[in-house]
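Participant: Next up, work_34.pdb (PDB, C-alpha atoms).
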ATOM      1  CA  MET J   1     -17.369  16.204  16.408
ATOM      2  CA  ALA J   2     -13.655  16.913  15.860
ATOM      3  CA  ILE J   3     -11.619  13.999  14.479
ATOM      4  CA  PRO J   4      -7.805  14.052  14.733
ATOM      5  CA  TYR J   5      -6.525  13.807  11.161
ATOM      6  CA  TYR J   6      -2.997  13.193   9.862
ATOM      7  CA  HIS J   7      -1.595  13.379   6.331
ATOM      8  CA  VAL J   8       1.457  11.110   6.131
ATOM      9  CA  ASP J   9       3.836  10.483   3.211
ATOM     10  CA  VAL J  10       4.857   6.814   3.247
ATOM     11  CA  PHE J  11       7.753   4.756   1.841
ATOM     12  CA  THR J  12       9.898   7.870   1.808
ATOM     13  CA  GLY J  13      12.037   9.917   4.166
ATOM     14  CA  GLU J  14      10.923  13.191   2.577
ATOM     15  CA  ILE J  15       7.651  15.048   2.258
ATOM     16  CA  PHE J  16       6.213  15.464  -1.248
ATOM     17  CA  ALA J  17       7.375  11.930  -2.129
ATOM     18  CA  GLY J  18       6.172   8.395  -1.502
ATOM     19  CA  ASN J  19       2.453   7.724  -1.082
ATOM     20  CA  PRO J  20       0.191  10.111   0.856
ATOM     21  CA  ALA J  21      -2.239   8.476   3.282
ATOM     22  CA  GLY J  22      -4.899   9.997   5.486
ATOM     23  CA  VAL J  23      -5.203   8.662   9.038
ATOM     24  CA  CYS J  24      -8.265   9.364  11.212
ATOM     25  CA  ILE J  25      -8.164   8.463  14.926
ATOM     26  CA  LEU J  26     -11.676   7.602  16.140
ATOM     27  CA  PRO J  27     -13.355   6.500  19.401
ATOM     28  CA  ALA J  28     -15.595   4.231  17.267
ATOM     29  CA  PHE J  29     -16.076   3.685  13.555
ATOM     30  CA  LEU J  30     -18.330   6.156  11.786
ATOM     31  CA  ALA J  31     -21.072   5.058   9.389
ATOM     32  CA  ASP J  32     -19.551   3.476   6.287
ATOM     33  CA  ARG J  33     -20.980   6.197   4.050
ATOM     34  CA  THR J  34     -19.326   8.884   6.197
ATOM     35  CA  MET J  35     -15.917   7.219   6.084
ATOM     36  CA  GLN J  36     -16.296   6.813   2.338
ATOM     37  CA  LYS J  37     -17.106  10.522   1.990
ATOM     38  CA  ILE J  38     -14.018  11.421   4.033
ATOM     39  CA  ALA J  39     -11.890   9.245   1.725
ATOM     40  CA  VAL J  40     -13.375  10.970  -1.316
ATOM     41  CA  GLU J  41     -12.722  14.391   0.215
ATOM     42  CA  ASN J  42      -9.110  13.474   1.050
ATOM     43  CA  ARG J  43      -8.402  12.227  -2.507
ATOM     44  CA  HIS J  44      -5.631   9.927  -1.312
ATOM     45  CA  SER J  45      -5.444   6.392  -2.658
ATOM     46  CA  ASN J  46      -6.373   5.258   0.867
ATOM     47  CA  THR J  47      -7.577   6.817   4.106
ATOM     48  CA  ALA J  48      -7.190   4.751   7.271
ATOM     49  CA  PHE J  49      -9.610   4.771  10.211
ATOM     50  CA  VAL J  50      -8.153   3.615  13.529
ATOM     51  CA  VAL J  51     -10.106   2.674  16.676
ATOM     52  CA  ALA J  52      -8.482   1.580  19.943
ATOM     53  CA  ARG J  53      -9.696  -1.715  21.440
ATOM     54  CA  ALA J  54     -10.067  -2.470  25.141
ATOM     55  CA  ASP J  55      -7.328  -5.117  24.931
ATOM     56  CA  GLY J  56      -4.693  -2.612  23.760
ATOM     57  CA  ASP J  57      -4.914  -3.586  20.084
ATOM     58  CA  PHE J  58      -6.528  -1.485  17.343
ATOM     59  CA  ASP J  59      -9.205  -1.981  14.724
ATOM     60  CA  LEU J  60      -8.207  -0.654  11.315
ATOM     61  CA  ARG J  61     -10.188  -0.058   8.118
ATOM     62  CA  TRP J  62      -9.103   1.442   4.799
ATOM     63  CA  PHE J  63     -11.138   3.305   2.187
ATOM     64  CA  THR J  64     -10.130   4.284  -1.339
ATOM     65  CA  PRO J  65     -12.129   7.069  -3.027
ATOM     66  CA  LYS J  66     -14.470   4.351  -4.371
ATOM     67  CA  VAL J  67     -14.512   1.294  -2.072
ATOM     68  CA  GLU J  68     -13.477  -0.167   1.263
ATOM     69  CA  ASP J  69     -10.128  -1.877   0.669
ATOM     70  CA  ASP J  70      -9.281  -5.379   1.900
ATOM     71  CA  LEU J  71      -5.564  -4.707   2.427
ATOM     72  CA  CYS J  72      -3.508  -1.510   2.282
ATOM     73  CA  GLY J  73       0.156  -1.366   3.201
ATOM     74  CA  HIS J  74       1.040   2.310   3.071
ATOM     75  CA  ALA J  75      -1.990   3.382   5.129
ATOM     76  CA  THR J  76      -1.170   0.671   7.695
ATOM     77  CA  LEU J  77       2.383   1.951   8.026
ATOM     78  CA  ALA J  78       1.016   5.500   8.235
ATOM     79  CA  SER J  79      -1.332   4.421  11.045
ATOM     80  CA  ALA J  80       1.547   2.934  13.026
ATOM     81  CA  TYR J  81       3.578   6.088  12.450
ATOM     82  CA  VAL J  82       0.709   8.231  13.761
ATOM     83  CA  LEU J  83       0.403   6.028  16.857
ATOM     84  CA  ALA J  84       4.125   6.566  17.448
ATOM     85  CA  LEU J  85       3.600  10.336  17.138
ATOM     86  CA  ARG J  86       0.810  10.002  19.712
ATOM     87  CA  LYS J  87       3.268   8.283  22.125
ATOM     88  CA  HIS J  88       1.908   4.736  21.840
ATOM     89  CA  ILE J  89       4.303   2.615  23.907
ATOM     90  CA  VAL J  90       3.485  -1.056  23.222
ATOM     91  CA  TRP J  91       5.245  -2.430  20.129
ATOM     92  CA  PRO J  92       4.717  -4.186  17.855
ATOM     93  CA  VAL J  93       1.245  -2.709  17.428
ATOM     94  CA  ARG J  94      -1.552  -5.107  16.429
ATOM     95  CA  PHE J  95      -4.223  -4.091  13.926
ATOM     96  CA  HIS J  96      -7.411  -6.135  13.446
ATOM     97  CA  THR J  97      -8.429  -5.817   9.786
ATOM     98  CA  ARG J  98     -10.350  -7.468   6.951
ATOM     99  CA  SER J  99      -7.111  -9.360   6.187
ATOM    100  CA  GLY J 100      -6.659 -10.656   9.735
ATOM    101  CA  VAL J 101      -4.344  -9.391  12.456
ATOM    102  CA  LEU J 102      -1.469  -7.333  11.045
ATOM    103  CA  THR J 103       1.459  -6.341  13.244
ATOM    104  CA  VAL J 104       3.796  -3.393  12.772
ATOM    105  CA  ALA J 105       7.122  -3.064  14.592
ATOM    106  CA  GLN J 106       8.908   0.212  15.161
ATOM    107  CA  ASP J 107      12.437   0.144  13.802
ATOM    108  CA  GLY J 108      15.052   2.315  15.443
ATOM    109  CA  ASP J 109      14.733   6.034  14.758
ATOM    110  CA  GLY J 110      10.964   6.448  15.087
ATOM    111  CA  ASP J 111      10.020   6.954  11.432
ATOM    112  CA  SER J 112      10.971   3.462  10.209
ATOM    113  CA  PHE J 113       8.546   0.549  10.558
ATOM    114  CA  GLU J 114       8.243  -3.097   9.521
ATOM    115  CA  MET J 115       4.845  -4.611   8.726
ATOM    116  CA  ASP J 116       4.035  -8.325   8.949
ATOM    117  CA  PHE J 117       1.649  -9.190   6.094
ATOM    118  CA  PRO J 118       0.342 -12.431   4.548
ATOM    119  CA  ALA J 119       2.225 -13.763   1.520
ATOM    120  CA  ARG J 120       0.063 -13.967  -1.606
ATOM    121  CA  PRO J 121       2.195 -15.753  -4.217
ATOM    122  CA  PRO J 122       1.003 -15.344  -7.809
ATOM    123  CA  GLN J 123      -0.442 -18.292  -9.704
ATOM    124  CA  PRO J 124      -0.562 -19.081 -13.438
ATOM    125  CA  CYS J 125      -3.565 -17.597 -15.225
ATOM    126  CA  GLU J 126      -4.950 -16.828 -18.642
ATOM    127  CA  ILE J 127      -3.989 -13.411 -19.955
ATOM    128  CA  PRO J 128      -7.134 -11.259 -20.140
ATOM    129  CA  VAL J 129      -7.855  -9.983 -23.616
ATOM    130  CA  GLY J 130      -6.678  -6.395 -23.839
ATOM    131  CA  LEU J 131      -4.592  -6.314 -20.654
ATOM    132  CA  LEU J 132      -1.164  -6.073 -22.288
ATOM    133  CA  SER J 133      -2.347  -3.659 -24.966
ATOM    134  CA  ALA J 134      -3.859  -1.422 -22.259
ATOM    135  CA  LEU J 135      -0.427  -1.331 -20.633
ATOM    136  CA  GLY J 136       1.334  -0.688 -23.936
ATOM    137  CA  LEU J 137       3.252  -3.980 -23.777
ATOM    138  CA  LYS J 138       3.523  -6.553 -26.569
ATOM    139  CA  THR J 139       4.631  -9.549 -24.499
ATOM    140  CA  ALA J 140       5.115 -10.239 -20.796
ATOM    141  CA  LEU J 141       4.663 -12.969 -18.211
ATOM    142  CA  VAL J 142       1.231 -12.649 -16.564
ATOM    143  CA  THR J 143       0.210 -14.349 -13.302
ATOM    144  CA  LYS J 144      -2.373 -13.494 -10.668
ATOM    145  CA  SER J 145      -2.967 -13.325  -6.931
ATOM    146  CA  ARG J 146      -5.354 -10.616  -5.679
ATOM    147  CA  ASP J 147      -3.973  -8.474  -8.518
ATOM    148  CA  TYR J 148      -2.559  -9.371 -11.892
ATOM    149  CA  LEU J 149       1.241  -9.448 -11.911
ATOM    150  CA  VAL J 150       2.765  -8.523 -15.266
ATOM    151  CA  VAL J 151       6.539  -9.095 -15.453
ATOM    152  CA  ALA J 152       8.531  -7.206 -18.077
ATOM    153  CA  GLU J 153      12.143  -7.839 -19.048
ATOM    154  CA  GLN J 154      13.705  -4.500 -18.158
ATOM    155  CA  ALA J 155      13.226  -1.756 -15.590
ATOM    156  CA  GLU J 156      13.081   0.863 -18.340
ATOM    157  CA  GLN J 157       9.927  -0.765 -19.726
ATOM    158  CA  VAL J 158       8.244  -0.272 -16.352
ATOM    159  CA  ARG J 159       9.505   3.291 -16.014
ATOM    160  CA  ALA J 160       8.266   4.232 -19.495
ATOM    161  CA  LEU J 161       4.745   2.792 -19.165
ATOM    162  CA  ALA J 162       1.936   5.126 -20.224
ATOM    163  CA  PRO J 163      -1.109   2.854 -19.869
ATOM    164  CA  ASP J 164      -4.601   3.464 -21.168
ATOM    165  CA  ILE J 165      -6.283   3.985 -17.788
ATOM    166  CA  ASP J 166      -9.830   3.740 -19.162
ATOM    167  CA  ALA J 167      -8.997   0.417 -20.820
ATOM    168  CA  LEU J 168      -7.396  -0.866 -17.600
ATOM    169  CA  ALA J 169     -10.477   0.125 -15.622
ATOM    170  CA  ARG J 170     -12.571  -2.102 -17.879
ATOM    171  CA  GLN J 171     -10.398  -5.126 -17.175
ATOM    172  CA  ASP J 172     -11.629  -7.673 -14.642
ATOM    173  CA  ALA J 173      -8.397  -7.328 -12.713
ATOM    174  CA  GLY J 174      -9.551  -7.729  -9.114
ATOM    175  CA  SER J 175      -8.056  -4.805  -7.299
ATOM    176  CA  GLY J 176      -5.486  -3.825  -9.911
ATOM    177  CA  THR J 177      -2.492  -4.599 -12.088
ATOM    178  CA  ILE J 178       1.112  -4.763 -10.911
ATOM    179  CA  VAL J 179       3.885  -4.329 -13.483
ATOM    180  CA  SER J 180       7.380  -5.352 -12.413
ATOM    181  CA  ALA J 181      10.866  -6.069 -13.771
ATOM    182  CA  PRO J 182      14.364  -6.814 -12.464
ATOM    183  CA  GLY J 183      15.960  -3.868 -10.714
ATOM    184  CA  GLU J 184      19.200  -2.016 -11.304
ATOM    185  CA  GLY J 185      22.177  -1.529  -8.995
ATOM    186  CA  ASP J 186      21.252  -2.370  -5.410
ATOM    187  CA  VAL J 187      17.536  -2.630  -6.261
ATOM    188  CA  ASP J 188      16.295  -6.205  -6.684
ATOM    189  CA  TYR J 189      13.076  -5.356  -8.508
ATOM    190  CA  VAL J 190      11.056  -2.363  -9.655
ATOM    191  CA  CYS J 191       7.297  -1.983  -9.926
ATOM    192  CA  ARG J 192       4.285   0.198 -10.660
ATOM    193  CA  PHE J 193       0.660  -0.376  -9.664
ATOM    194  CA  PHE J 194      -2.573   0.613 -11.392
ATOM    195  CA  ALA J 195      -6.052   0.114  -9.900
ATOM    196  CA  PRO J 196      -8.457   2.498 -11.666
ATOM    197  CA  SER J 197     -11.470   0.257 -11.052
ATOM    198  CA  ILE J 198     -11.259   1.088  -7.320
ATOM    199  CA  GLY J 199     -10.396   4.752  -7.762
ATOM    200  CA  ILE J 200      -6.584   4.568  -7.965
ATOM    201  CA  ASP J 201      -5.332   5.343 -11.477
ATOM    202  CA  GLU J 202      -1.738   4.834 -10.327
ATOM    203  CA  ASP J 203      -0.674   4.305  -6.744
ATOM    204  CA  PRO J 204       2.549   6.208  -5.971
ATOM    205  CA  ALA J 205       4.086   3.727  -3.491
ATOM    206  CA  THR J 206       2.245   0.559  -2.512
ATOM    207  CA  GLY J 207       2.771  -1.883   0.356
ATOM    208  CA  SER J 208       0.217  -4.631  -0.273
ATOM    209  CA  ILE J 209       1.531  -5.582  -3.727
ATOM    210  CA  HIS J 210       4.726  -6.891  -2.122
ATOM    211  CA  CYS J 211       2.677  -9.716  -0.630
ATOM    212  CA  THR J 212       2.783 -10.972  -4.231
ATOM    213  CA  LEU J 213       5.977  -9.403  -5.558
ATOM    214  CA  ALA J 214       8.301 -10.497  -2.752
ATOM    215  CA  PRO J 215       7.458 -14.237  -3.020
ATOM    216  CA  TYR J 216       7.774 -14.066  -6.811
ATOM    217  CA  TRP J 217      11.156 -12.332  -6.839
ATOM    218  CA  ALA J 218      12.467 -14.335  -3.871
ATOM    219  CA  GLY J 219      11.860 -17.501  -5.863
ATOM    220  CA  ARG J 220      13.322 -16.085  -9.052
ATOM    221  CA  LEU J 221      16.400 -14.495  -7.462
ATOM    222  CA  GLY J 222      16.993 -17.116  -4.775
ATOM    223  CA  LYS J 223      17.091 -14.664  -1.872
ATOM    224  CA  ASP J 224      14.795 -13.894   1.060
ATOM    225  CA  ARG J 225      15.702 -10.234   1.589
ATOM    226  CA  LEU J 226      14.870  -7.867  -1.227
ATOM    227  CA  ARG J 227      14.998  -4.166  -1.952
ATOM    228  CA  ALA J 228      12.209  -2.753  -4.116
ATOM    229  CA  GLN J 229      11.660   0.568  -5.859
ATOM    230  CA  GLN J 230       8.346   1.904  -7.155
ATOM    231  CA  LEU J 231       8.841   3.913 -10.345
ATOM    232  CA  SER J 232       5.860   6.269 -10.078
ATOM    233  CA  ALA J 233       6.300  10.027 -10.405
ATOM    234  CA  ARG J 234       6.566  10.395  -6.593
ATOM    235  CA  GLY J 235       8.552   7.164  -6.163
ATOM    236  CA  GLY J 236       9.023   4.962  -3.132
ATOM    237  CA  THR J 237      11.398   2.393  -1.628
ATOM    238  CA  MET J 238      10.657  -0.729   0.417
ATOM    239  CA  GLN J 239      12.634  -3.568   1.966
ATOM    240  CA  CYS J 240      10.953  -6.976   1.983
ATOM    241  CA  THR J 241      11.805 -10.170   3.856
ATOM    242  CA  ILE J 242      10.207 -13.576   3.312
ATOM    243  CA  ALA J 243       9.296 -15.285   6.604
ATOM    244  CA  GLY J 244       7.498 -18.530   5.793
ATOM    245  CA  ASP J 245       3.970 -17.677   4.668
ATOM    246  CA  ARG J 246       4.415 -14.051   5.732
ATOM    247  CA  VAL J 247       6.132 -11.064   4.149
ATOM    248  CA  LYS J 248       7.768  -8.361   6.246
ATOM    249  CA  ILE J 249       7.577  -5.015   4.440
ATOM    250  CA  ALA J 250       9.663  -2.157   5.822
ATOM    251  CA  GLY J 251       9.710   1.523   5.021
ATOM    252  CA  ARG J 252       9.801   5.062   6.363
ATOM    253  CA  ALA J 253       7.196   7.789   6.797
ATOM    254  CA  ARG J 254       7.027  11.563   7.209
ATOM    255  CA  LEU J 255       4.261  13.746   8.629
ATOM    256  CA  TYR J 256       2.987  16.371   6.211
ATOM    257  CA  LEU J 257       0.236  17.841   8.379
ATOM    258  CA  HIS J 258      -1.907  17.266  11.469
ATOM    259  CA  GLY J 259      -5.305  18.866  11.818
ATOM    260  CA  TRP J 260      -8.941  18.164  12.554
ATOM    261  CA  ILE J 261     -11.951  17.052  10.590
ATOM    262  CA  GLU J 262     -15.083  18.772  11.858
ATOM    263  CA  LEU J 263     -18.281  16.701  11.478
TER     264      LEU J 263
END
Could you express the structure from this file as structure tokens?

Facilitator:
Amino acid sequence: MAIPYYHVDVFTGEIFAGNPAGVCILPAFLADRTMQKIAVENRHSNTAFVVARADGDFDLRWFTPKVEDDLCGHATLASAYVLALRKHIVWPVRFHTRSGVLTVAQDGDGDSFEMDFPARPPQPCEIPVGLLSALGLKTALVTKSRDYLVVAEQAEQVRALAPDIDALARQDAGSGTIVSAPGEGDVDYVCRFFAPSIGIDEDPATGSIHCTLAPYWAGRLGKDRLRAQQLSARGGTMQCTIAGDRVKIAGRARLYLHGWIEL
């Protein structure tokens, strides 16, 4: 069995930047253990598996190297980008996922897309013992949605983080820990994301965390349209818009390679 496979760099206009995602186009989902093995082999933070439905929509699942994910932004955008490469003509595309129906609109030049995701505003919480020390921070605001959101005072604190990944992995942090701070220049906020407990020591450029970050910063800054920058080594940029209880997350993608997985 030959599976069409795409390696896409997301939240960037250049290859070798942003977040790599694997996208597999399937006639039907494989056994869970097989999809998990493919994700392990790919070594990306997420590999997406896309199956066309009879109604014109698509089923979409995401796997990290350790688990099936409940929501992944960059691999969703990568999947839409691959469908555009494959000459899909009905937009916005609708994906049926573990987080409900997610739509992705194509924006202009063919490599820009806007995802419609659920808002997940953070809520007050107790600070887990050891969380801040694992990040190398002395004090910070800590709230939680799916992930912990740790808010520092300055962008440089986020850029300079060198967390203890083993200590973070031992934290009961759901899917991971977001660290954010006010941005600089035309950037409204900056961020980094660590999720070692699910096989992602640091995610280069993440979409799903803006379901939490965008509502937080919209409330703090008093604006509904925000520009974000992820300060990982590869980096990434996103534009977010609050739309009621939804967050629209926009970004670009580039194809690195297209090949086949032989099973």

Participant: Please write as a ChimeraX atom specification the list of polymer residues whose atoms come within 7 Å of (-4.2, 4.4, 0.0), counting only C-alpha atoms and keeping to the coordinates of the file.

Facilitator: /J:21,44-47,64,72,74-75

Participant: Run the PyMOL selection byres ((chain J and resi 84) around 12) mentally over the shown coordinates, then write out the matched residues as a PDB file with C-alpha atoms, in the frame of the given file, using the chain letters and numbers from the document.

Facilitator:
ATOM      1  CA  LEU J  77       2.383   1.951   8.026  1.00  0.00           C
ATOM      2  CA  ALA J  78       1.016   5.500   8.235  1.00  0.00           C
ATOM      3  CA  SER J  79      -1.332   4.421  11.045  1.00  0.00           C
ATOM      4  CA  ALA J  80       1.547   2.934  13.026  1.00  0.00           C
ATOM      5  CA  TYR J  81       3.578   6.088  12.450  1.00  0.00           C
ATOM      6  CA  VAL J  82       0.709   8.231  13.761  1.00  0.00           C
ATOM      7  CA  LEU J  83       0.403   6.028  16.857  1.00  0.00           C
ATOM      8  CA  LEU J  85       3.600  10.336  17.138  1.00  0.00           C
ATOM      9  CA  ARG J  86       0.810  10.002  19.712  1.00  0.00           C
ATOM     10  CA  LYS J  87       3.268   8.283  22.125  1.00  0.00           C
ATOM     11  CA  HIS J  88       1.908   4.736  21.840  1.00  0.00           C
ATOM     12  CA  ILE J  89       4.303   2.615  23.907  1.00  0.00           C
ATOM     13  CA  VAL J  90       3.485  -1.056  23.222  1.00  0.00           C
ATOM     14  CA  TRP J  91       5.245  -2.430  20.129  1.00  0.00           C
ATOM     15  CA  PRO J  92       4.717  -4.186  17.855  1.00  0.00           C
ATOM     16  CA  VAL J  93       1.245  -2.709  17.428  1.00  0.00           C
ATOM     17  CA  VAL J 104       3.796  -3.393  12.772  1.00  0.00           C
ATOM     18  CA  ALA J 105       7.122  -3.064  14.592  1.00  0.00           C
ATOM     19  CA  GLN J 106       8.908   0.212  15.161  1.00  0.00           C
ATOM     20  CA  ASP J 107      12.437   0.144  13.802  1.00  0.00           C
ATOM     21  CA  GLY J 108      15.052   2.315  15.443  1.00  0.00           C
ATOM     22  CA  ASP J 109      14.733   6.034  14.758  1.00  0.00           C
ATOM     23  CA  GLY J 110      10.964   6.448  15.087  1.00  0.00           C
ATOM     24  CA  ASP J 111      10.020   6.954  11.432  1.00  0.00           C
ATOM     25  CA  SER J 112      10.971   3.462  10.209  1.00  0.00           C
ATOM     26  CA  PHE J 113       8.546   0.549  10.558  1.00  0.00           C
ATOM     27  CA  ALA J 253       7.196   7.789   6.797  1.00  0.00           C
ATOM     28  CA  ARG J 254       7.027  11.563   7.209  1.00  0.00           C
ATOM     29  CA  LEU J 255       4.261  13.746   8.629  1.00  0.00           C
TER      30      LEU J 255
END

Participant: Between J:Leu132, J:Val10, J:Ala119, J:Val50, which has the minimum distance to His96 of chain J (counting all atoms listed in the file)?

Facilitator: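 Closest candidate: J:Val50.
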
Participant: May I ask for the distance between atom CA of Cys24 of chain J and atom CA of Ile38 of chain J, given in Å to one decimal place?

Facilitator: 9.4 Å

Participant: Rank nothing, just name the residue among J:Arg159, J:Lys66, J:Arg227, J:Arg98 nearest to Val187 of chain J, using all atoms listed in the file.

Facilitator: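 Closest candidate: J:Arg227.
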
Participant: Within 12 Å of segment 179-185 of chain J, which residues of segment 194-241 of chain J show up? Give each one with its shortest atom-to-atom distance in Å (one decimal) and the two atoms involved, counting only C-alpha atoms, rows by chain then rising residue number, as a tab-separated table.

Facilitator:
residue	atom	partner	partner_atom	distance
J:Phe194	CA	J:Val179	CA	8.4
J:Ala195	CA	J:Val179	CA	11.5
J:Glu202	CA	J:Val179	CA	11.2
J:Asp203	CA	J:Val179	CA	11.9
J:Ile209	CA	J:Val179	CA	10.1
J:His210	CA	J:Ser180	CA	10.7
J:Thr212	CA	J:Ser180	CA	10.9
J:Leu213	CA	J:Ser180	CA	8.1
J:Ala214	CA	J:Ser180	CA	11.0
J:Tyr216	CA	J:Ser180	CA	10.4
J:Trp217	CA	J:Pro182	CA	8.5
J:Ala218	CA	J:Pro182	CA	11.6
J:Arg220	CA	J:Pro182	CA	9.9
J:Leu221	CA	J:Pro182	CA	9.4
J:Leu226	CA	J:Gly183	CA	10.4
J:Arg227	CA	J:Gly183	CA	8.8
J:Ala228	CA	J:Gly183	CA	7.7
J:Gln229	CA	J:Gly183	CA	7.9
J:Gln230	CA	J:Ser180	CA	9.0
J:Leu231	CA	J:Ser180	CA	9.6
J:Ser232	CA	J:Val179	CA	11.3
J:Thr237	CA	J:Gly183	CA	11.9

Participant: Go through J:Tyr6, J:Gln157, J:Ser208, J:Leu135 and flag the residue nearest Ser99 of chain J, using all atoms listed in the file for the distances.

Facilitator: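 Closest candidate: J:Ser208.
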
Participant: Export segment 181-220 of chain J from the structure block above, keeping C-alpha atoms, as a PDB file, in the first residue's frame.

Facilitator:
ATOM      1  CA  ALA J 181       4.872  37.823  27.381  1.00  0.00           C
ATOM      2  CA  PRO J 182       4.024  41.143  25.719  1.00  0.00           C
ATOM      3  CA  GLY J 183       5.523  41.508  22.268  1.00  0.00           C
ATOM      4  CA  GLU J 184       7.817  44.104  20.759  1.00  0.00           C
ATOM      5  CA  GLY J 185       7.256  46.415  17.796  1.00  0.00           C
ATOM      6  CA  ASP J 186       4.304  45.245  15.716  1.00  0.00           C
ATOM      7  CA  VAL J 187       4.055  41.948  17.632  1.00  0.00           C
ATOM      8  CA  ASP J 188       1.317  41.901  20.278  1.00  0.00           C
ATOM      9  CA  TYR J 189       2.598  38.893  22.206  1.00  0.00           C
ATOM     10  CA  VAL J 190       5.336  36.277  22.080  1.00  0.00           C
ATOM     11  CA  CYS J 191       5.235  32.662  23.206  1.00  0.00           C
ATOM     12  CA  ARG J 192       6.938  29.288  23.492  1.00  0.00           C
ATOM     13  CA  PHE J 193       5.347  25.887  24.102  1.00  0.00           C
ATOM     14  CA  PHE J 194       6.678  22.810  25.883  1.00  0.00           C
ATOM     15  CA  ALA J 195       4.870  19.450  26.020  1.00  0.00           C
ATOM     16  CA  PRO J 196       7.443  16.746  26.826  1.00  0.00           C
ATOM     17  CA  SER J 197       4.865  14.476  28.460  1.00  0.00           C
ATOM     18  CA  ILE J 198       3.305  13.859  25.017  1.00  0.00           C
ATOM     19  CA  GLY J 199       6.577  13.654  23.114  1.00  0.00           C
ATOM     20  CA  ILE J 200       7.125  17.334  22.238  1.00  0.00           C
ATOM     21  CA  ASP J 201      10.030  18.820  24.199  1.00  0.00           C
ATOM     22  CA  GLU J 202       9.478  22.184  22.503  1.00  0.00           C
ATOM     23  CA  ASP J 203       7.068  22.798  19.663  1.00  0.00           C
ATOM     24  CA  PRO J 204       8.579  25.155  17.062  1.00  0.00           C
ATOM     25  CA  ALA J 205       5.370  26.960  16.008  1.00  0.00           C
ATOM     26  CA  THR J 206       2.020  26.015  17.510  1.00  0.00           C
ATOM     27  CA  GLY J 207      -1.542  26.796  16.432  1.00  0.00           C
ATOM     28  CA  SER J 208      -3.705  25.299  19.180  1.00  0.00           C
ATOM     29  CA  ILE J 209      -2.179  27.346  22.016  1.00  0.00           C
ATOM     30  CA  HIS J 210      -3.693  30.502  20.518  1.00  0.00           C
ATOM     31  CA  CYS J 211      -7.114  29.179  21.494  1.00  0.00           C
ATOM     32  CA  THR J 212      -5.921  30.200  24.970  1.00  0.00           C
ATOM     33  CA  LEU J 213      -3.413  32.949  24.207  1.00  0.00           C
ATOM     34  CA  ALA J 214      -5.611  35.036  21.908  1.00  0.00           C
ATOM     35  CA  PRO J 215      -8.513  35.391  24.403  1.00  0.00           C
ATOM     36  CA  TYR J 216      -6.053  36.216  27.190  1.00  0.00           C
ATOM     37  CA  TRP J 217      -4.169  38.895  25.262  1.00  0.00           C
ATOM     38  CA  ALA J 218      -7.329  40.272  23.632  1.00  0.00           C
ATOM     39  CA  GLY J 219      -8.708  40.942  27.098  1.00  0.00           C
ATOM     40  CA  ARG J 220      -5.462  42.387  28.394  1.00  0.00           C
TER      41      ARG J 220
END
